[in-house]
$ cat input_6.csv   # CSV, C-alpha atoms
chain,number,residue,atom,x,y,z
T,666,MET,CA,25.4,-21.4,-20.6
T,667,ASP,CA,24.0,-24.7,-19.5
T,668,PHE,CA,24.4,-27.5,-22.0
T,669,SER,CA,22.9,-30.2,-19.9
T,670,LEU,CA,19.5,-31.9,-20.6
T,671,ASN,CA,16.9,-31.6,-17.9
T,672,GLU,CA,15.0,-34.7,-16.6
T,673,GLU,CA,12.0,-34.1,-18.7
T,674,GLN,CA,14.1,-33.9,-21.9
T,675,LYS,CA,15.9,-37.1,-20.9
T,676,MET,CA,12.6,-38.9,-20.3
T,677,MET,CA,11.2,-37.6,-23.6
T,678,ILE,CA,14.3,-38.9,-25.5
T,679,ASP,CA,14.1,-42.3,-23.8
T,680,THR,CA,10.4,-42.6,-24.7
T,681,VAL,CA,10.9,-41.8,-28.3
T,682,ARG,CA,14.0,-44.0,-28.5
T,683,ARG,CA,12.1,-46.9,-26.9
T,684,PHE,CA,9.1,-46.5,-29.3
T,685,ILE,CA,11.5,-46.6,-32.3
T,686,ALA,CA,13.3,-49.7,-31.0
T,687,GLU,CA,10.1,-51.6,-30.2
T,688,GLU,CA,7.6,-50.5,-32.8
T,689,LEU,CA,9.5,-49.2,-35.8
T,690,LYS,CA,12.8,-51.0,-36.1
T,691,PRO,CA,11.1,-54.4,-36.7
T,692,LEU,CA,9.4,-53.0,-39.8
T,693,GLU,CA,12.5,-51.6,-41.5
T,694,ASP,CA,13.7,-54.7,-43.4
T,695,GLU,CA,10.2,-55.4,-44.6
T,696,ILE,CA,10.0,-51.8,-46.1
T,697,GLU,CA,13.4,-52.1,-47.6
T,698,ASN,CA,12.6,-55.4,-49.2
T,699,ASN,CA,9.1,-54.6,-50.4
T,700,GLY,CA,9.5,-50.9,-51.2
T,701,PHE,CA,6.4,-49.9,-49.3
T,702,LEU,CA,4.9,-49.9,-45.8
T,703,ASP,CA,1.8,-52.1,-45.5
T,704,LYS,CA,-1.2,-49.8,-44.9
T,705,ALA,CA,-2.5,-51.8,-42.0
T,706,LYS,CA,0.8,-51.7,-40.3
T,707,ALA,CA,1.1,-48.0,-41.1
T,708,GLN,CA,-2.2,-47.4,-39.4
T,709,ALA,CA,-1.2,-49.5,-36.4
T,710,VAL,CA,2.0,-47.5,-35.9
T,711,HIS,CA,0.0,-44.3,-36.4
T,712,GLU,CA,-2.5,-45.2,-33.6
T,713,LYS,CA,0.1,-46.4,-31.1
T,714,SER,CA,2.1,-43.2,-31.5
T,715,LYS,CA,-1.0,-41.0,-30.9
T,716,GLN,CA,-1.9,-43.0,-27.8
T,717,LEU,CA,1.6,-42.2,-26.4
T,718,GLY,CA,1.3,-38.6,-27.2
T,719,LEU,CA,4.1,-38.7,-29.7
T,720,TYR,CA,2.1,-37.5,-32.7
T,721,ALA,CA,2.2,-33.8,-33.9
T,722,MET,CA,4.7,-32.8,-31.2
T,723,ASN,CA,5.5,-29.6,-33.1
T,724,MET,CA,1.9,-28.3,-32.9
T,725,PRO,CA,0.5,-26.1,-30.0
T,726,VAL,CA,-1.1,-27.9,-27.0
T,727,GLU,CA,-4.4,-26.0,-27.5
T,728,LEU,CA,-4.8,-27.7,-30.9
T,729,GLY,CA,-4.0,-31.1,-29.5
T,730,GLY,CA,-0.3,-31.2,-30.3
T,731,GLY,CA,2.7,-31.7,-28.1
T,732,GLY,CA,3.6,-28.0,-27.8
T,733,LEU,CA,7.3,-28.6,-27.9
T,734,SER,CA,9.9,-25.8,-28.1
T,735,ALA,CA,12.2,-25.7,-31.1
T,736,LEU,CA,15.0,-27.3,-29.0
T,737,ASP,CA,12.8,-30.0,-27.5
T,738,ARG,CA,11.5,-30.9,-31.0
T,739,ILE,CA,15.1,-31.1,-32.3
T,740,LEU,CA,16.0,-33.5,-29.5
T,741,CYS,CA,13.1,-35.8,-30.7
T,742,GLU,CA,14.0,-35.3,-34.4
T,743,GLU,CA,17.5,-36.4,-33.7
T,744,GLN,CA,16.1,-39.7,-32.4
T,745,PHE,CA,13.9,-39.9,-35.5
T,746,GLY,CA,17.1,-40.1,-37.5
T,747,HIS,CA,17.6,-43.6,-36.1
T,748,THR,CA,14.8,-45.1,-38.2
T,749,THR,CA,13.3,-45.0,-41.7
T,750,ASP,CA,11.7,-42.0,-43.3
T,751,ILE,CA,8.3,-43.5,-44.0
T,752,LEU,CA,8.0,-44.8,-40.4
T,753,ILE,CA,8.8,-41.3,-39.1
T,754,ARG,CA,6.0,-39.9,-41.1
T,755,ARG,CA,3.4,-42.4,-40.0
T,756,ALA,CA,4.4,-42.5,-36.3
T,757,PHE,CA,5.1,-38.9,-35.6
T,758,GLY,CA,3.3,-36.9,-38.3
T,759,ASN,CA,4.6,-34.5,-40.9
T,760,ILE,CA,2.6,-31.4,-40.0
T,761,TYR,CA,3.8,-28.2,-41.6
T,762,GLU,CA,3.8,-24.9,-39.7
T,763,PRO,CA,2.0,-22.9,-42.4
T,764,LEU,CA,-1.2,-24.6,-41.4
T,765,LEU,CA,-1.1,-22.5,-38.2
T,766,HIS,CA,-2.2,-19.7,-40.5
T,767,CYS,CA,-5.6,-21.3,-40.9
T,768,LYS,CA,-8.5,-19.1,-39.8
T,769,GLY,CA,-12.2,-19.4,-39.4
T,770,ASP,CA,-13.7,-22.5,-41.1
T,771,GLN,CA,-10.2,-23.5,-42.2
T,772,VAL,CA,-9.3,-24.5,-38.7
T,773,GLU,CA,-12.0,-27.2,-38.4
T,774,ARG,CA,-11.6,-28.4,-42.0
T,775,TRP,CA,-7.9,-28.7,-42.3
T,776,LEU,CA,-5.9,-27.7,-39.3
T,777,LYS,CA,-7.4,-29.6,-36.3
T,778,PRO,CA,-8.0,-32.8,-38.2
T,779,THR,CA,-4.4,-32.8,-39.3
T,780,VAL,CA,-3.1,-32.3,-35.8
T,781,ALA,CA,-5.4,-35.1,-34.6
T,782,GLY,CA,-4.0,-37.4,-37.3
T,783,GLN,CA,-7.3,-37.7,-39.1
T,784,ARG,CA,-6.0,-36.0,-42.2
T,785,THR,CA,-2.5,-35.8,-43.7
T,786,CYS,CA,-1.0,-33.2,-45.9
T,787,ALA,CA,2.1,-32.8,-48.0
T,788,ILE,CA,3.8,-29.6,-49.0
T,789,THR,CA,4.3,-29.1,-52.7
T,790,ILE,CA,6.9,-26.6,-53.9
T,791,THR,CA,9.3,-28.5,-56.2
T,792,GLU,CA,8.7,-28.5,-59.9
T,793,SER,CA,10.7,-29.9,-62.8
T,794,GLY,CA,12.1,-26.4,-63.4
T,795,ALA,CA,12.2,-25.2,-59.8
T,796,GLY,CA,14.1,-27.2,-57.2
T,797,SER,CA,16.4,-25.1,-55.0
T,798,ASP,CA,14.9,-22.0,-56.8
T,799,ALA,CA,11.6,-22.1,-55.0
T,800,ALA,CA,10.6,-18.7,-56.5
T,801,GLY,CA,11.0,-20.1,-60.0
T,802,ILE,CA,7.7,-22.1,-60.0
T,803,LYS,CA,5.4,-22.1,-63.0
T,804,THR,CA,2.2,-23.4,-61.3
T,805,HIS,CA,-0.3,-20.6,-61.2
T,806,ALA,CA,-3.8,-19.8,-59.8
T,807,ARG,CA,-6.2,-17.4,-61.5
T,808,LYS,CA,-8.8,-15.6,-59.5
T,809,THR,CA,-12.4,-16.0,-60.5
T,810,ASP,CA,-15.8,-15.0,-59.3
T,811,THR,CA,-16.2,-18.2,-57.4
T,812,GLY,CA,-12.6,-18.5,-56.1
T,813,TRP,CA,-9.5,-19.7,-58.0
T,814,VAL,CA,-8.5,-21.9,-60.9
T,815,LEU,CA,-5.3,-23.8,-60.4
T,816,ASN,CA,-3.0,-25.0,-63.3
T,817,GLY,CA,0.5,-26.5,-63.3
T,818,SER,CA,2.4,-29.5,-62.0
T,819,LYS,CA,4.6,-30.5,-59.1
T,820,HIS,CA,7.1,-33.4,-58.7
T,821,PHE,CA,9.1,-35.2,-56.0
T,822,ILE,CA,6.2,-34.8,-53.6
T,823,SER,CA,7.1,-36.8,-50.6
T,824,ASP,CA,4.3,-38.8,-49.0
T,825,GLY,CA,1.8,-37.8,-51.7
T,826,GLU,CA,0.2,-41.2,-51.7
T,827,TRP,CA,-0.9,-41.2,-48.1
T,828,SER,CA,-1.8,-37.5,-48.0
T,829,ASP,CA,-5.4,-36.4,-48.7
T,830,PHE,CA,-4.6,-32.7,-49.2
T,831,PHE,CA,-1.7,-30.6,-50.2
T,832,LEU,CA,-0.2,-27.2,-49.5
T,833,VAL,CA,0.4,-26.0,-53.0
T,834,SER,CA,2.5,-22.9,-53.8
T,835,ALA,CA,1.3,-21.2,-57.0
T,836,LYS,CA,1.8,-17.9,-58.7
T,837,THR,CA,-1.1,-15.4,-58.3
T,838,GLY,CA,0.7,-12.6,-60.1
T,839,GLU,CA,3.8,-11.8,-62.0
T,840,LYS,CA,6.0,-11.8,-58.9
T,841,GLU,CA,3.5,-13.0,-56.4
T,842,ILE,CA,3.2,-16.4,-54.9
T,843,SER,CA,0.3,-17.7,-52.7
T,844,MET,CA,-0.3,-21.0,-51.0
T,845,PHE,CA,-3.5,-23.1,-51.3
T,846,MET,CA,-4.9,-26.1,-49.5
T,847,VAL,CA,-5.9,-28.5,-52.3
T,848,ASP,CA,-7.9,-31.6,-51.5
T,849,LYS,CA,-7.1,-34.8,-53.4
T,850,GLY,CA,-10.0,-35.8,-55.7
T,851,LEU,CA,-10.9,-32.3,-56.9
T,852,PRO,CA,-11.9,-32.1,-60.6
T,853,GLY,CA,-8.8,-31.7,-62.8
T,854,PHE,CA,-6.4,-32.8,-60.0
T,855,THR,CA,-4.6,-36.0,-61.0
T,856,VAL,CA,-1.8,-37.9,-59.3
T,857,GLY,CA,1.0,-39.1,-61.5
T,858,LYS,CA,3.7,-41.8,-61.2
T,859,ASP,CA,5.7,-42.5,-58.1
T,860,GLN,CA,9.2,-41.4,-59.0
T,861,LYS,CA,11.4,-44.2,-57.6
T,862,MET,CA,14.4,-43.2,-55.6
T,863,MET,CA,17.9,-44.5,-55.0
T,864,GLY,CA,17.3,-44.4,-51.2
T,865,ILE,CA,14.6,-43.8,-48.6
T,866,ARG,CA,12.6,-46.7,-49.9
T,867,GLY,CA,8.9,-46.8,-48.9
T,868,THR,CA,8.4,-43.1,-49.1
T,869,PRO,CA,6.5,-42.3,-52.3
T,870,HIS,CA,7.5,-39.3,-54.4
T,871,LEU,CA,4.7,-38.4,-56.7
T,872,GLU,CA,4.0,-36.2,-59.6
T,873,LEU,CA,0.9,-34.0,-59.3
T,874,PHE,CA,-1.0,-32.4,-62.1
T,875,PHE,CA,-3.5,-29.5,-61.9
T,876,ASP,CA,-5.7,-28.9,-65.0
T,877,ASN,CA,-8.2,-26.1,-64.3
T,878,VAL,CA,-8.7,-27.3,-60.7
T,879,PRO,CA,-11.5,-25.2,-59.2
T,880,LEU,CA,-10.6,-23.9,-55.7
T,881,GLU,CA,-13.1,-22.2,-53.4
T,882,PRO,CA,-11.9,-18.9,-51.7
T,883,LEU,CA,-11.5,-20.8,-48.4
T,884,ALA,CA,-8.6,-22.8,-50.0
T,885,LEU,CA,-6.2,-19.7,-49.8
T,886,LEU,CA,-3.9,-20.2,-46.9
T,887,GLY,CA,-2.8,-16.9,-45.3
T,888,ALA,CA,-3.0,-13.7,-47.3
T,889,GLU,CA,-2.7,-13.5,-51.0
T,890,GLY,CA,0.9,-13.1,-52.0
T,891,GLN,CA,2.2,-14.6,-48.7
T,892,GLY,CA,2.9,-18.0,-50.2
T,893,PHE,CA,6.6,-17.7,-50.7
T,894,LYS,CA,7.1,-16.5,-47.1
T,895,LEU,CA,5.0,-19.4,-45.8
T,896,ALA,CA,7.0,-21.8,-47.9
T,897,MET,CA,10.3,-20.5,-46.8
T,898,SER,CA,9.3,-20.6,-43.1
T,899,ALA,CA,8.3,-24.2,-43.6
T,900,LEU,CA,11.5,-25.1,-45.3
T,901,ASN,CA,13.6,-23.5,-42.6
T,902,VAL,CA,12.0,-25.7,-40.0
T,903,VAL,CA,12.3,-28.7,-42.3
T,904,ARG,CA,16.0,-28.0,-42.9
T,905,LEU,CA,16.8,-27.8,-39.2
T,906,ALA,CA,14.6,-30.6,-37.9
T,907,GLN,CA,14.1,-33.1,-40.7
T,908,VAL,CA,17.5,-32.6,-42.3
T,909,GLY,CA,19.9,-31.3,-39.7
T,910,ALA,CA,18.7,-33.1,-36.6
T,911,ARG,CA,17.9,-36.3,-38.4
T,912,ALA,CA,21.2,-36.3,-40.1
T,913,VAL,CA,22.9,-36.1,-36.7
T,914,GLY,CA,20.8,-38.9,-35.4
T,915,LYS,CA,21.4,-41.2,-38.3
T,916,ALA,CA,25.2,-40.5,-38.2
T,917,SER,CA,25.2,-41.3,-34.5
T,918,HIS,CA,23.4,-44.6,-35.1
T,919,VAL,CA,25.8,-45.5,-37.9
T,920,CYS,CA,28.8,-44.5,-35.7
T,921,GLU,CA,27.6,-46.7,-32.9
T,922,LEU,CA,27.5,-49.7,-35.3
T,923,MET,CA,31.0,-48.8,-36.5
T,924,VAL,CA,32.3,-48.8,-32.9
T,925,ASP,CA,30.8,-52.1,-32.1
T,926,TYR,CA,32.1,-53.7,-35.3
T,927,THR,CA,35.7,-52.4,-34.8
T,928,ASN,CA,35.7,-54.0,-31.3
T,929,GLU,CA,34.5,-57.3,-32.7
T,930,ARG,CA,36.1,-57.7,-36.1
T,931,LYS,CA,39.6,-59.1,-36.2
T,932,GLN,CA,42.3,-59.2,-38.9
T,933,PHE,CA,45.8,-60.5,-38.4
T,934,ASN,CA,44.7,-61.6,-34.9
T,935,THR,CA,44.1,-58.0,-34.0
T,936,LYS,CA,40.9,-56.0,-33.5
T,937,ILE,CA,40.6,-53.6,-36.4
T,938,GLY,CA,39.9,-50.9,-33.9
T,939,ASP,CA,43.5,-51.1,-32.9
T,940,PHE,CA,44.7,-50.0,-36.4
T,941,GLN,CA,45.5,-46.3,-36.6
T,942,MET,CA,43.7,-45.7,-39.9
T,943,ILE,CA,40.5,-47.2,-38.5
T,944,GLN,CA,40.9,-45.1,-35.4
T,945,GLN,CA,41.2,-41.9,-37.5
T,946,MET,CA,37.9,-42.7,-39.2
T,947,LEU,CA,36.2,-43.2,-35.8
T,948,ALA,CA,37.7,-40.1,-34.3
T,949,ASP,CA,36.8,-37.9,-37.3
T,950,SER,CA,33.2,-39.3,-37.2
T,951,VAL,CA,32.8,-38.5,-33.5
T,952,ILE,CA,34.3,-35.0,-33.8
T,953,GLU,CA,32.1,-34.1,-36.8
T,954,ILE,CA,28.9,-35.6,-35.2
T,955,ASN,CA,29.4,-33.5,-32.1
T,956,ALA,CA,30.1,-30.4,-34.1
T,957,ALA,CA,27.0,-30.8,-36.2
T,958,ARG,CA,24.9,-31.5,-33.1
T,959,TRP,CA,25.9,-28.3,-31.4
T,960,MET,CA,25.2,-26.3,-34.6
T,961,VAL,CA,21.7,-27.8,-34.7
T,962,TYR,CA,21.1,-27.1,-31.0
T,963,ASN,CA,22.3,-23.5,-31.3
T,964,ALA,CA,20.0,-22.8,-34.3
T,965,ALA,CA,17.1,-24.3,-32.4
T,966,TRP,CA,17.9,-22.2,-29.3
T,967,MET,CA,18.0,-19.1,-31.5
T,968,LEU,CA,14.5,-19.9,-32.8
T,969,ASP,CA,13.2,-20.3,-29.3
T,970,GLN,CA,14.7,-16.9,-28.4
T,971,GLY,CA,12.9,-15.3,-31.3
T,972,HIS,CA,16.0,-14.6,-33.3
T,973,ASP,CA,16.4,-14.9,-37.1
T,974,ALA,CA,18.4,-18.1,-37.6
T,975,ARG,CA,18.3,-18.4,-41.4
T,976,GLU,CA,22.1,-18.3,-41.9
T,977,GLN,CA,22.6,-20.7,-39.0
T,978,ILE,CA,20.1,-23.1,-40.5
T,979,ALA,CA,21.8,-22.8,-43.9
T,980,MET,CA,25.1,-23.7,-42.2
T,981,VAL,CA,23.5,-26.6,-40.4
T,982,LYS,CA,22.0,-27.9,-43.7
T,983,VAL,CA,25.4,-28.1,-45.3
T,984,TYR,CA,27.4,-29.4,-42.4
T,985,ALA,CA,25.0,-31.9,-40.9
T,986,ALA,CA,24.2,-33.4,-44.3
T,987,GLU,CA,27.8,-33.7,-45.4
T,988,THR,CA,28.8,-35.1,-42.0
T,989,LEU,CA,26.2,-37.9,-42.4
T,990,GLY,CA,27.7,-38.6,-45.9
T,991,ARG,CA,31.2,-38.8,-44.6
T,992,VAL,CA,30.2,-41.0,-41.6
T,993,VAL,CA,28.3,-43.6,-43.7
T,994,ASP,CA,31.1,-43.6,-46.3
T,995,ARG,CA,33.6,-44.5,-43.5
T,996,ALA,CA,31.1,-47.1,-42.2
T,997,VAL,CA,31.1,-48.9,-45.6
T,998,GLN,CA,34.9,-48.8,-45.6
T,999,ILE,CA,35.2,-50.2,-42.1
T,1000,PHE,CA,32.6,-52.9,-42.7
T,1001,GLY,CA,34.3,-53.8,-46.0
T,1002,GLY,CA,32.5,-56.3,-48.2
T,1003,MET,CA,29.7,-56.6,-45.6
T,1004,GLY,CA,29.2,-52.8,-45.7
T,1005,PHE,CA,28.5,-53.1,-49.5
T,1006,CYS,CA,26.2,-56.1,-48.9
T,1007,LYS,CA,22.4,-55.9,-48.5
T,1008,GLU,CA,22.6,-58.3,-45.6
T,1009,LEU,CA,23.5,-55.5,-43.3
T,1010,PRO,CA,21.8,-52.0,-43.1
T,1011,ILE,CA,25.0,-50.1,-43.8
T,1012,GLU,CA,24.4,-50.3,-47.6
T,1013,ARG,CA,20.9,-48.9,-47.1
T,1014,TYR,CA,22.2,-46.0,-44.8
T,1015,TYR,CA,24.8,-45.2,-47.5
T,1016,ARG,CA,22.0,-44.8,-50.2
T,1017,ASP,CA,19.7,-42.9,-47.8
T,1018,ALA,CA,22.3,-40.4,-46.8
T,1019,ARG,CA,23.0,-39.2,-50.3
T,1020,ILE,CA,19.8,-37.2,-50.7
T,1021,TYR,CA,20.5,-35.1,-47.6
T,1022,ARG,CA,22.9,-32.9,-49.6
T,1023,ILE,CA,20.2,-32.3,-52.2
T,1024,PHE,CA,16.7,-32.0,-50.9
T,1025,ASP,CA,15.4,-28.8,-49.2
T,1026,GLY,CA,18.1,-26.8,-51.0
T,1027,THR,CA,21.4,-28.2,-52.2
T,1028,SER,CA,24.7,-27.7,-50.3
T,1029,GLU,CA,25.8,-25.4,-53.1
T,1030,ILE,CA,22.8,-23.1,-52.7
T,1031,HIS,CA,23.2,-22.9,-48.9
T,1032,ARG,CA,26.9,-22.2,-49.2
T,1033,THR,CA,25.9,-19.3,-51.5
T,1034,VAL,CA,23.4,-18.0,-48.9
T,1035,VAL,CA,26.1,-18.1,-46.2
T,1036,ALA,CA,28.7,-16.4,-48.4
T,1037,LYS,CA,26.3,-13.6,-49.4
T,1038,SER,CA,25.3,-13.1,-45.8
T,1039,VAL,CA,28.8,-12.9,-44.5
T,1040,MET,CA,29.8,-10.4,-47.1
T,1041,LYS,CA,27.0,-8.2,-45.8
T,1042,LYS,CA,27.2,-8.8,-42.1
T,1043,GLY,CA,30.9,-9.6,-41.7
T,1044,ALA,CA,32.3,-10.9,-38.4
T,1045,ALA,CA,28.8,-11.0,-36.8
T,1046,LEU,CA,28.3,-14.2,-38.6
T,1047,PHE,CA,31.3,-16.1,-37.1
T,1048,ASP,CA,32.7,-14.1,-34.2
T,1049,VAL,CA,31.4,-13.7,-30.6
T,1050,ASN,CA,29.5,-10.6,-29.5
T,1051,ARG,CA,30.0,-8.6,-32.7

$ encode --input "input_6.csv" --output "structure tokens"
Amino acid sequence: MDFSLNEEQKMMIDTVRRFIAEELKPLEDEIENNGFLDKAKAQAVHEKSKQLGLYAMNMPVELGGGGLSALDRILCEEQFGHTTDILIRRAFGNIYEPLLHCKGDQVERWLKPTVAGQRTCAITITESGAGSDAAGIKTHARKTDTGWVLNGSKHFISDGEWSDFFLVSAKTGEKEISMFMVDKGLPGFTVGKDQKMMGIRGTPHLELFFDNVPLEPLALLGAEGQGFKLAMSALNVVRLAQVGARAVGKASHVCELMVDYTNERKQFNTKIGDFQMIQQMLADSVIEINAARWMVYNAAWMLDQGHDAREQIAMVKVYAAETLGRVVDRAVQIFGGMGFCKELPIERYYRDARIYRIFDGTSEIHRTVVAKSVMKKGAALFDVNR
């Protein structure tokens, strides 16, 4: 087993890291203070990223994407964790894998323009009565002579303001869920309020309402009844990349700030890093970050080998999210009053970290998934070569 990074991976990480430092970091305070990203600046970031080949890195080369393996994507996603959510979306794209099921005219209408950054989509699964229970949705689509009629609602739809179409999961039978590509602006499709959040400022989370929205047959993505499978495959990637890897990246960024501060800050004429209780907080953070990172890398490697990594991704979702929470909590404690003050970004990181234990399946749900799996599979889930 070789755990080293090759030269191409190192260069890729350095390129992403430099782009974040030079182009994205200068915008973070403005977003935090204003609560949104200026559209002109968003477009500028978008264009610069595309010019450098950093956009749509998870999409195949033949479609104009970066063609990265799961592991290489994870290496980039970890770096994404060093900046703000809305900037990640504008710079690197938020292109969901279910779009790869586009066929025929769908490819030119939805898939290729999205990979090229000419169109943007958001995935819509969550409803007021269906959060972690993605199968409990009420939104439904009825088949007609001319296509489908869509009714229902969604909420907490990230990036709904910027997106011009949506991947909508809807019931098409009693126990059947399908996925549709729904263009913004269709009759009966209205966008509701932006549901303001405690953290991740600048990323809108909208309500969507569908009142007899007419959909042409072409709007069906994949086969009828395949929607739940498509949604779960998308969420698995999101959990590993956008939650697990980014949580590790954000925790690493915070830990570096902690280390610098403990070497500079003095109390009683002594660097606070010389106090054993501070040292324990630093040590625990470093240990947990490294453990979370290798869990993320292992799950990505499994995907690249064609293995089923659902249980590993569930474990990553829990451990990486909770590691981030513990690290930023220690950072607030180490920075003291300044950690609680908006003058420094620690307070922002503390608020941003809290959602990681909730979105894309709560820690409790993923623990249940792991527990049920280990009861069926036994030692194969935690022992070597079983």

$ atom_distance --input "input_6.csv" --atom1 "atom CA of Ala912 of chain T" --atom2 "atom CA of Lys931 of chain T"
29.6 Å

$ atom_distance --input "input_6.csv" --atom1 "atom CA of Met846 of chain T" --atom2 "atom CA of Val833 of chain T"
6.4 Å

$ closest_residue --input "input_6.csv" --among "T:Asn955, T:Gln970, T:Gln716, T:Ser834" --to "Met897 of chain T" --atoms "only C-alpha atoms"
T:Ser834

$ residues_around --input "input_6.csv" --residues "segment 727-739 of chain T" --least-positions-apart "6" --cutoff "7 Å" --atoms "all atoms listed in the file" --output "mmCIF file with C-alpha atoms, keeping the file's coordinate frame"
data_model
loop_
_atom_site.group_PDB
_atom_site.id
_atom_site.type_symbol
_atom_site.label_atom_id
_atom_site.label_comp_id
_atom_site.auth_asym_id
_atom_site.auth_seq_id
_atom_site.Cartn_x
_atom_site.Cartn_y
_atom_site.Cartn_z
ATOM 1 C CA GLN T 674 14.100 -33.900 -21.900
ATOM 2 C CA ALA T 721 2.200 -33.800 -33.900
ATOM 3 C CA LYS T 777 -7.400 -29.600 -36.300
ATOM 4 C CA VAL T 780 -3.100 -32.300 -35.800
ATOM 5 C CA ALA T 781 -5.400 -35.100 -34.600
ATOM 6 C CA ALA T 906 14.600 -30.600 -37.900
ATOM 7 C CA ALA T 910 18.700 -33.100 -36.600
ATOM 8 C CA TYR T 962 21.100 -27.100 -31.000
ATOM 9 C CA ALA T 965 17.100 -24.300 -32.400
ATOM 10 C CA TRP T 966 17.900 -22.200 -29.300
ATOM 11 C CA LEU T 968 14.500 -19.900 -32.800
ATOM 12 C CA ASP T 969 13.200 -20.300 -29.300
#

$ closest_residue --input "input_6.csv" --among "T:Arg1022, T:Arg1032, T:Arg866, T:Lys808" --to "Gly990 of chain T" --atoms "all atoms listed in the file"
T:Arg1022

$ atom_distance --input "input_6.csv" --atom1 "atom CA of Glu826 of chain T" --atom2 "atom CA of Trp813 of chain T"
24.4 Å

$ closest_residue --input "input_6.csv" --among "T:Glu841, T:Glu976, T:Asp1025, T:Glu929" --to "Glu889 of chain T" --atoms "all atoms listed in the file"
T:Glu841

$ closest_atom_pairs --input "input_6.csv" --of "segment 868-968 of chain T" --to "segment 700-713 of chain T" --cutoff "12 Å" --atoms "only C-alpha atoms" --output "CSV"
residue,atom,partner,partner_atom,distance
T:Thr868,CA,T:Phe701,CA,7.1
T:Pro869,CA,T:Phe701,CA,8.2
T:His870,CA,T:Phe701,CA,11.8

$ closest_residue --input "input_6.csv" --among "T:Ala979, T:Leu989, T:Val997, T:Leu765" --to "Ile943 of chain T" --atoms "all atoms listed in the file"
T:Val997

$ residues_around --input "input_6.csv" --residues "Ile1011 of chain T" --least-positions-apart "3" --cutoff "9 Å" --atoms "only C-alpha atoms" --output "ChimeraX atom specification"
/T:919,922,993,996-997,1000,1003-1008,1014-1016

$ residues_near_point --input "input_6.csv" --point "(10.0, -28.7, -61.3)" --cutoff "10 Å" --atoms "all atoms listed in the file" --output "MDAnalysis selection string"
chainID T and resid 790:799 801:804 817:821 872

$ residues_near_point --input "input_6.csv" --point "(-10.8, -32.5, -59.2)" --cutoff "10 Å" --atoms "only C-alpha atoms" --output "number ranges by chain"
T: 847-855, 875-880

$ closest_atom_pairs --input "input_6.csv" --of "segment 790-866 of chain T" --to "segment 885-888 of chain T" --cutoff "8 Å" --atoms "only C-alpha atoms" --output "CSV"
residue,atom,partner,partner_atom,distance
T:Ser843,CA,T:Leu885,CA,7.4
T:Met844,CA,T:Leu886,CA,5.5
T:Phe845,CA,T:Leu885,CA,4.6
T:Met846,CA,T:Leu886,CA,6.5

$ closest_residue --input "input_6.csv" --among "T:Tyr720, T:Phe933, T:Pro763, T:Gly857" --to "Phe893 of chain T" --atoms "all atoms listed in the file"
T:Pro763

$ closest_residue --input "input_6.csv" --among "T:Gly782, T:Asn699, T:Asp679, T:Leu776" --to "Gly867 of chain T" --atoms "only C-alpha atoms"
T:Asn699
